[in-house]
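Asker: Quick one: this structure, given as structure tokens, is what I'll be asking you about.
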Amino acid sequence: MTEKLEPPYLYLNGNLLLVADGLLPPNGDDKPKVGKFGILAKDIRAYWSRGQGVSIAQLYELIVPGLILSRHIFQGLKRNLFDDDKKDGDTLKFVYSRTPSFDVSVDKKNPNNPRVIKVDAPKDKVFVVIISPNNRHRAEYPVIDGWLDRWNWVEQDFGLQEAPINWVDRYEKKLFTRS
Amino acid sequence: MQTEKEINYRMSVEDILEGLLPFKPIAYYDKHLDAIRVQILDCSIWEERLDRIMTVYHANHHLNPNGIDDIVGFSIKGVRYLLRELGIKTDEGPIQLANLLDEVAKRYPAKSTKLIVEFYRNLSFSDKPNQEITINLLDECMAA
């Protein structure tokens, strides 16, 4: 069952998801298409339980509205990674990068009324989102193209604007750059 | 661990953050990226990849007036492979993080490993000594 709710949520197969639009990794010479990338509410709850308010704020303020603005898409993390029962999990990961105009923080002075605050984007850094393609769970979540696994800032490459530093060594290949 | 938070489709980010308790240092297994993560502050971070095993977290917005980058955590990557290389069995229950770091330091005595081990030694978890912090790879639980 798929029930469409107000964005950015979807209710799929009995589970609530937060979703962000983003470009799908291009296939050949085709123009990239827009896809949906999700995170289960239970995973957001895990961030909340660990007290990671800033990560939650970045999810809602930088990823949901901004993943579609990503400048580059890379594939393959070039490190050992066992994921989804696959030994070569690193090769399946996509990395989306861009330089948002701001970052966020959380004012927790009043825990019953926390406020998300926009702050200056860190200098010479890019914001990256690591995404897993939705291969294994496509039957349960047919409209979800990928899963939002991790997000943080890294240093910007010296040669390629809005790309992570040493991207040539870090990732297997660059799939897309917005012109 | 804090109590569970119910999330529904009407919630804004502020609704979700409501009731967030003061942050305590955490150590947990991230199954999606097969990494152990240790974080001591809830802040925006930038990650510095030290090598294929170790990554260190810095606070984006300087915590001290000198503007020196502050280390606020680290991750150990490729944990399942690493445990296999080190001969540590994962089916015998949670692993002790301090022991794992010691084993990594012995096998890979790199500068990056020494930096992380030193950082971990000086950490202060809220309710347990560092030597007793354990990570359960099976249920992605929080250890501290």
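Labels for the structure tokens follow display order: chains A, B, ..., residues from 1 in each chain, ligands from 1.
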Pick out the residues sitting within 7 Å of segment 85-98 of chain A, and hand them over as a PDB file with C-alpha atoms, in the first residue's frame; count only C-alpha atoms, and ignore anything fewer than 3 positions along from it in its own chain.

Answerer:
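Result file result.pdb:
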```pdb
ATOM      1  CA  SER A  70      23.944  18.207  -5.762  1.00  0.00           C
ATOM      2  CA  ARG A  71      26.797  19.208  -8.036  1.00  0.00           C
ATOM      3  CA  HIS A  72      28.528  15.840  -8.323  1.00  0.00           C
ATOM      4  CA  ILE A  73      27.660  12.169  -7.986  1.00  0.00           C
ATOM      5  CA  PHE A  74      30.444   9.656  -7.313  1.00  0.00           C
ATOM      6  CA  GLN A  75      30.345   5.900  -6.930  1.00  0.00           C
ATOM      7  CA  GLY A  76      32.403   3.484  -4.832  1.00  0.00           C
ATOM      8  CA  LEU A  77      34.046   4.275  -1.509  1.00  0.00           C
ATOM      9  CA  LYS A  78      37.260   2.292  -2.079  1.00  0.00           C
ATOM     10  CA  ARG A  79      37.324   0.697   1.334  1.00  0.00           C
ATOM     11  CA  ASN A  80      36.208  -2.517   2.977  1.00  0.00           C
ATOM     12  CA  LEU A  81      32.481  -2.409   3.607  1.00  0.00           C
ATOM     13  CA  PHE A  82      30.152  -5.259   4.408  1.00  0.00           C
ATOM     14  CA  VAL A 126      31.512  20.474   0.877  1.00  0.00           C
ATOM     15  CA  PHE A 127      28.441  18.681   2.152  1.00  0.00           C
ATOM     16  CA  VAL A 128      28.272  15.008   1.195  1.00  0.00           C
ATOM     17  CA  VAL A 129      25.459  12.479   1.406  1.00  0.00           C
ATOM     18  CA  ILE A 130      26.226   8.770   1.107  1.00  0.00           C
ATOM     19  CA  ILE A 131      23.420   6.811  -0.513  1.00  0.00           C
ATOM     20  CA  SER A 132      22.735   3.111  -1.024  1.00  0.00           C
ATOM     21  CA  GLU A 162      32.076  21.277  -4.784  1.00  0.00           C
ATOM     22  CA  ALA A 163      33.831  17.884  -4.783  1.00  0.00           C
TER      23      ALA A 163
END
```

Asker: Output as number ranges by chain the set of chain B residues within 7 Å of chain A, with distances taken over only C-alpha atoms.

Answerer: B: 1-5, 7, 9, 13-14, 17-21, 23, 26, 31-34, 42-48, 52, 60, 78, 80-81

Asker: Using N, CA and C atoms, can you export the residues from the last selection as a short mmCIF file (atom, residue, chain, number, x, y, z; two decimals), in the first residue's frame?

Answerer:
```cif
data_model
loop_
_atom_site.label_atom_id
_atom_site.label_comp_id
_atom_site.auth_asym_id
_atom_site.auth_seq_id
_atom_site.Cartn_x
_atom_site.Cartn_y
_atom_site.Cartn_z
N MET B 1 20.43 5.30 27.15
CA MET B 1 19.72 5.72 25.94
C MET B 1 18.46 6.49 26.32
N GLN B 2 18.12 7.49 25.51
CA GLN B 2 16.92 8.24 25.79
C GLN B 2 15.70 7.40 25.40
N THR B 3 14.53 7.87 25.84
CA THR B 3 13.30 7.14 25.50
C THR B 3 13.02 7.26 24.01
N GLU B 4 12.13 6.44 23.53
CA GLU B 4 11.78 6.42 22.11
C GLU B 4 11.03 7.69 21.73
N LYS B 5 11.19 8.09 20.49
CA LYS B 5 10.48 9.26 19.97
C LYS B 5 9.55 8.80 18.86
N ILE B 7 7.46 9.47 15.62
CA ILE B 7 7.52 10.45 14.53
C ILE B 7 6.30 10.22 13.64
N TYR B 9 3.75 12.03 10.30
CA TYR B 9 3.90 12.80 9.07
C TYR B 9 3.55 14.27 9.20
N VAL B 13 10.74 19.66 11.71
CA VAL B 13 12.02 19.30 12.33
C VAL B 13 12.04 19.72 13.80
N GLU B 14 11.42 20.85 14.11
CA GLU B 14 11.37 21.29 15.52
C GLU B 14 10.54 20.33 16.36
N LEU B 17 12.70 17.43 17.14
CA LEU B 17 13.78 17.73 18.08
C LEU B 17 13.26 17.97 19.51
N GLU B 18 11.97 18.19 19.63
CA GLU B 18 11.40 18.48 20.94
C GLU B 18 11.70 17.35 21.92
N GLY B 19 12.15 17.72 23.09
CA GLY B 19 12.44 16.72 24.13
C GLY B 19 13.82 16.11 24.03
N LEU B 20 14.60 16.57 23.06
CA LEU B 20 15.96 16.04 22.92
C LEU B 20 16.74 16.35 24.21
N LEU B 21 17.29 15.32 24.81
CA LEU B 21 18.00 15.51 26.07
C LEU B 21 19.43 15.98 25.81
N PHE B 23 23.17 16.09 25.18
CA PHE B 23 23.96 15.06 24.49
C PHE B 23 24.98 14.44 25.43
N ILE B 26 28.71 9.15 22.63
CA ILE B 26 28.11 7.92 22.12
C ILE B 26 29.14 7.10 21.36
N LYS B 31 25.52 0.12 10.76
CA LYS B 31 25.52 -1.07 9.90
C LYS B 31 25.50 -0.70 8.42
N HIS B 32 24.92 0.46 8.08
CA HIS B 32 24.85 0.84 6.67
C HIS B 32 26.23 1.08 6.08
N LEU B 33 27.13 1.59 6.89
CA LEU B 33 28.48 1.88 6.39
C LEU B 33 29.53 1.03 7.09
N ASP B 34 29.09 0.02 7.81
CA ASP B 34 29.99 -0.95 8.44
C ASP B 34 31.11 -0.22 9.20
N ASP B 42 27.32 16.99 20.06
CA ASP B 42 26.30 17.13 19.02
C ASP B 42 26.55 18.43 18.29
N CYS B 43 27.25 18.35 17.18
CA CYS B 43 27.58 19.55 16.43
C CYS B 43 27.75 19.18 14.96
N SER B 44 27.80 20.18 14.13
CA SER B 44 28.10 19.94 12.71
C SER B 44 29.57 19.53 12.60
N ILE B 45 29.81 18.45 11.89
CA ILE B 45 31.19 17.95 11.83
C ILE B 45 31.69 17.89 10.40
N TRP B 46 33.01 17.96 10.26
CA TRP B 46 33.62 17.59 8.98
C TRP B 46 34.54 16.41 9.24
N GLU B 47 34.49 15.48 8.31
CA GLU B 47 35.24 14.24 8.47
C GLU B 47 36.54 14.32 7.71
N GLU B 48 37.61 13.91 8.38
CA GLU B 48 38.92 13.83 7.74
C GLU B 48 39.32 12.36 7.62
N ARG B 52 42.37 4.05 5.22
CA ARG B 52 41.22 3.22 4.87
C ARG B 52 40.48 2.71 6.10
N ASN B 60 32.81 21.77 12.97
CA ASN B 60 32.85 22.76 11.90
C ASN B 60 32.95 24.18 12.42
N GLY B 78 35.04 -0.35 7.89
CA GLY B 78 35.24 -1.73 7.45
C GLY B 78 35.38 -2.68 8.62
N ARG B 80 33.67 -5.21 9.92
CA ARG B 80 33.53 -6.67 9.80
C ARG B 80 34.78 -7.30 9.19
N TYR B 81 35.33 -6.63 8.19
CA TYR B 81 36.58 -7.12 7.61
C TYR B 81 37.71 -7.06 8.65
#
```

Asker: Among chain A, which ones does DSSP place in helix (DSSP H, G or I), written as a compact mmCIF listing (two decimals) with N, CA and C atoms, in the first residue's frame?

Answerer:
```
# COMPACT_ATOMS: atom_id res chain seq x y z
N ALA A 41 11.61 6.30 9.32
CA ALA A 41 11.41 7.05 10.57
C ALA A 41 12.15 6.38 11.72
N LYS A 42 12.25 5.06 11.67
CA LYS A 42 12.94 4.38 12.77
C LYS A 42 14.44 4.74 12.79
N ASP A 43 14.99 5.02 11.63
CA ASP A 43 16.40 5.44 11.60
C ASP A 43 16.56 6.88 12.12
N ILE A 44 15.56 7.72 11.83
CA ILE A 44 15.59 9.08 12.41
C ILE A 44 15.47 9.00 13.92
N ARG A 45 14.62 8.08 14.37
CA ARG A 45 14.47 7.87 15.83
C ARG A 45 15.81 7.48 16.47
N ALA A 46 16.60 6.69 15.74
CA ALA A 46 17.90 6.28 16.29
C ALA A 46 18.80 7.51 16.49
N TYR A 47 18.77 8.45 15.53
CA TYR A 47 19.54 9.69 15.70
C TYR A 47 19.03 10.44 16.93
N TRP A 48 17.70 10.50 17.08
CA TRP A 48 17.11 11.21 18.21
C TRP A 48 17.54 10.55 19.53
N SER A 49 17.49 9.23 19.55
CA SER A 49 17.85 8.51 20.78
C SER A 49 19.31 8.73 21.15
N GLY A 53 20.94 15.86 17.45
CA GLY A 53 20.00 16.84 16.93
C GLY A 53 20.50 17.55 15.69
N VAL A 54 21.78 17.83 15.64
CA VAL A 54 22.32 18.57 14.48
C VAL A 54 22.21 17.72 13.21
N SER A 55 22.45 16.42 13.34
CA SER A 55 22.31 15.54 12.17
C SER A 55 20.86 15.53 11.68
N ILE A 56 19.91 15.53 12.62
CA ILE A 56 18.49 15.57 12.23
C ILE A 56 18.18 16.90 11.54
N ALA A 57 18.70 17.99 12.09
CA ALA A 57 18.47 19.30 11.49
C ALA A 57 19.07 19.36 10.08
N GLN A 58 20.25 18.79 9.90
CA GLN A 58 20.87 18.77 8.56
C GLN A 58 20.04 17.94 7.59
N LEU A 59 19.48 16.86 8.10
CA LEU A 59 18.64 16.02 7.25
C LEU A 59 17.46 16.81 6.69
N TYR A 60 16.78 17.55 7.56
CA TYR A 60 15.58 18.29 7.15
C TYR A 60 15.90 19.59 6.40
N GLU A 61 17.00 20.23 6.77
CA GLU A 61 17.27 21.56 6.21
C GLU A 61 18.25 21.56 5.04
N LEU A 62 19.13 20.57 4.99
CA LEU A 62 20.11 20.54 3.90
C LEU A 62 19.83 19.44 2.87
N ILE A 63 19.33 18.30 3.34
CA ILE A 63 19.17 17.17 2.41
C ILE A 63 17.80 17.20 1.72
N LEU A 67 19.16 18.00 -1.76
CA LEU A 67 19.83 16.88 -2.45
C LEU A 67 19.72 17.03 -3.96
N ILE A 68 18.61 17.59 -4.40
CA ILE A 68 18.38 17.77 -5.84
C ILE A 68 19.40 18.75 -6.44
N LEU A 69 20.01 19.56 -5.58
CA LEU A 69 20.97 20.57 -6.06
C LEU A 69 22.40 20.04 -6.10
N GLY A 89 30.14 -4.05 -0.48
CA GLY A 89 29.18 -2.97 -0.25
C GLY A 89 29.72 -1.59 -0.63
N ASP A 90 31.03 -1.41 -0.57
CA ASP A 90 31.59 -0.10 -0.89
C ASP A 90 31.37 0.28 -2.35
N THR A 91 31.36 -0.70 -3.23
CA THR A 91 31.24 -0.38 -4.66
C THR A 91 29.84 0.10 -5.01
N LEU A 92 28.88 -0.23 -4.13
CA LEU A 92 27.49 0.11 -4.43
C LEU A 92 27.10 1.50 -3.93
N TRP A 167 39.06 13.37 -4.37
CA TRP A 167 37.96 12.51 -4.84
C TRP A 167 38.47 11.43 -5.79
N VAL A 168 39.53 11.71 -6.50
CA VAL A 168 40.06 10.72 -7.44
C VAL A 168 40.52 9.47 -6.70
N ASP A 169 41.12 9.68 -5.53
CA ASP A 169 41.60 8.54 -4.74
C ASP A 169 40.51 7.94 -3.86
N ARG A 170 39.56 8.76 -3.44
CA ARG A 170 38.54 8.29 -2.49
C ARG A 170 37.48 7.41 -3.14
```

Asker: What is the distance between atom CA of Tyr28 of chain B and atom CA of Lys114 of chain B, in Å to one decimal?

Answerer: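 Between atom CA of Tyr28 of chain B and atom CA of Lys114 of chain B the gap is 20.6 Å.
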
Asker: To test your reading of the structure, identify every residue in segment 46-179 of chain A that backbone DSSP assigns to strand (DSSP E or B), and report it as number ranges by chain.

Answerer: A: 72-75, 81, 83, 86, 88, 94-98, 102-107, 115-120, 125-133, 146-156, 164, 173-177

Asker: Please produce a file of those selected residues containing C-alpha atoms, as a PDB file, in the first residue's frame.

Answerer:
```pdb
ATOM      1  CA  HIS A  72      28.528  15.840  -8.323  1.00  0.00           C
ATOM      2  CA  ILE A  73      27.660  12.169  -7.986  1.00  0.00           C
ATOM      3  CA  PHE A  74      30.444   9.656  -7.313  1.00  0.00           C
ATOM      4  CA  GLN A  75      30.345   5.900  -6.930  1.00  0.00           C
ATOM      5  CA  LEU A  81      32.481  -2.409   3.607  1.00  0.00           C
ATOM      6  CA  ASP A  83      26.555  -4.146   3.827  1.00  0.00           C
ATOM      7  CA  LYS A  86      27.288  -8.093   0.372  1.00  0.00           C
ATOM      8  CA  ASP A  88      31.608  -5.447  -1.797  1.00  0.00           C
ATOM      9  CA  PHE A  94      26.882   6.704  -4.183  1.00  0.00           C
ATOM     10  CA  VAL A  95      28.233   9.991  -2.878  1.00  0.00           C
ATOM     11  CA  TYR A  96      26.395  13.246  -3.618  1.00  0.00           C
ATOM     12  CA  SER A  97      28.281  16.480  -2.977  1.00  0.00           C
ATOM     13  CA  ARG A  98      27.572  20.196  -3.090  1.00  0.00           C
ATOM     14  CA  PHE A 102      24.505  27.645   4.960  1.00  0.00           C
ATOM     15  CA  ASP A 103      24.857  25.017   7.677  1.00  0.00           C
ATOM     16  CA  VAL A 104      22.569  24.431  10.657  1.00  0.00           C
ATOM     17  CA  SER A 105      22.880  24.187  14.397  1.00  0.00           C
ATOM     18  CA  VAL A 106      20.356  23.492  17.145  1.00  0.00           C
ATOM     19  CA  ASP A 107      19.667  25.888  19.990  1.00  0.00           C
ATOM     20  CA  ARG A 115      15.244  25.854  17.474  1.00  0.00           C
ATOM     21  CA  VAL A 116      17.114  25.126  14.285  1.00  0.00           C
ATOM     22  CA  ILE A 117      19.502  27.951  13.528  1.00  0.00           C
ATOM     23  CA  LYS A 118      21.058  28.696  10.180  1.00  0.00           C
ATOM     24  CA  VAL A 119      24.778  29.372  10.460  1.00  0.00           C
ATOM     25  CA  ASP A 120      27.494  30.141   7.946  1.00  0.00           C
ATOM     26  CA  LYS A 125      34.108  22.387   2.882  1.00  0.00           C
ATOM     27  CA  VAL A 126      31.512  20.474   0.877  1.00  0.00           C
ATOM     28  CA  PHE A 127      28.441  18.681   2.152  1.00  0.00           C
ATOM     29  CA  VAL A 128      28.272  15.008   1.195  1.00  0.00           C
ATOM     30  CA  VAL A 129      25.459  12.479   1.406  1.00  0.00           C
ATOM     31  CA  ILE A 130      26.226   8.770   1.107  1.00  0.00           C
ATOM     32  CA  ILE A 131      23.420   6.811  -0.513  1.00  0.00           C
ATOM     33  CA  SER A 132      22.735   3.111  -1.024  1.00  0.00           C
ATOM     34  CA  PRO A 133      20.745   2.074  -4.081  1.00  0.00           C
ATOM     35  CA  GLY A 146      18.004   4.918  -2.694  1.00  0.00           C
ATOM     36  CA  TRP A 147      18.574   5.168   1.036  1.00  0.00           C
ATOM     37  CA  LEU A 148      20.113   8.132   2.852  1.00  0.00           C
ATOM     38  CA  ASP A 149      22.890   6.449   4.830  1.00  0.00           C
ATOM     39  CA  ARG A 150      25.139   9.224   6.116  1.00  0.00           C
ATOM     40  CA  TRP A 151      25.791  12.944   5.745  1.00  0.00           C
ATOM     41  CA  ASN A 152      28.548  15.297   6.858  1.00  0.00           C
ATOM     42  CA  TRP A 153      30.972  17.896   5.596  1.00  0.00           C
ATOM     43  CA  VAL A 154      34.442  17.194   4.213  1.00  0.00           C
ATOM     44  CA  GLU A 155      37.210  19.373   2.847  1.00  0.00           C
ATOM     45  CA  GLN A 156      36.763  20.633  -0.685  1.00  0.00           C
ATOM     46  CA  PRO A 164      35.363  16.186  -1.732  1.00  0.00           C
ATOM     47  CA  LYS A 173      34.464   7.004 -10.418  1.00  0.00           C
ATOM     48  CA  LYS A 174      32.639  10.251 -10.964  1.00  0.00           C
ATOM     49  CA  LEU A 175      29.261   9.609 -12.554  1.00  0.00           C
ATOM     50  CA  PHE A 176      27.870  13.072 -12.992  1.00  0.00           C
ATOM     51  CA  THR A 177      28.661  16.746 -12.707  1.00  0.00           C
TER      52      THR A 177
END
```

Asker: Would you mind reading off the distance between atom CA of Pro65 of chain A and atom CA of Arg136 of chain A, one decimal, in Å?

Answerer: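 A separation of 26.1 Å between them.
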
Asker: Residues at most 7 Å from Lys77 of chain B, counting only C-alpha atoms, excluding those fewer than 4 positions away in the same chain, as an NGL selection string?

Answerer: :B and (34-36 or 53-54)

Asker: Any idea what the distance is between atom CA of Asp127 of chain B and atom CA of Gln39 of chain B?

Answerer: 15.1 Å

Asker: Using only C-alpha atoms, can you tell me which of B:Ala110, B:Ile40, B:Leu50, B:Leu97 comes closest to Glu132 of chain B?

Answerer: B:Leu97
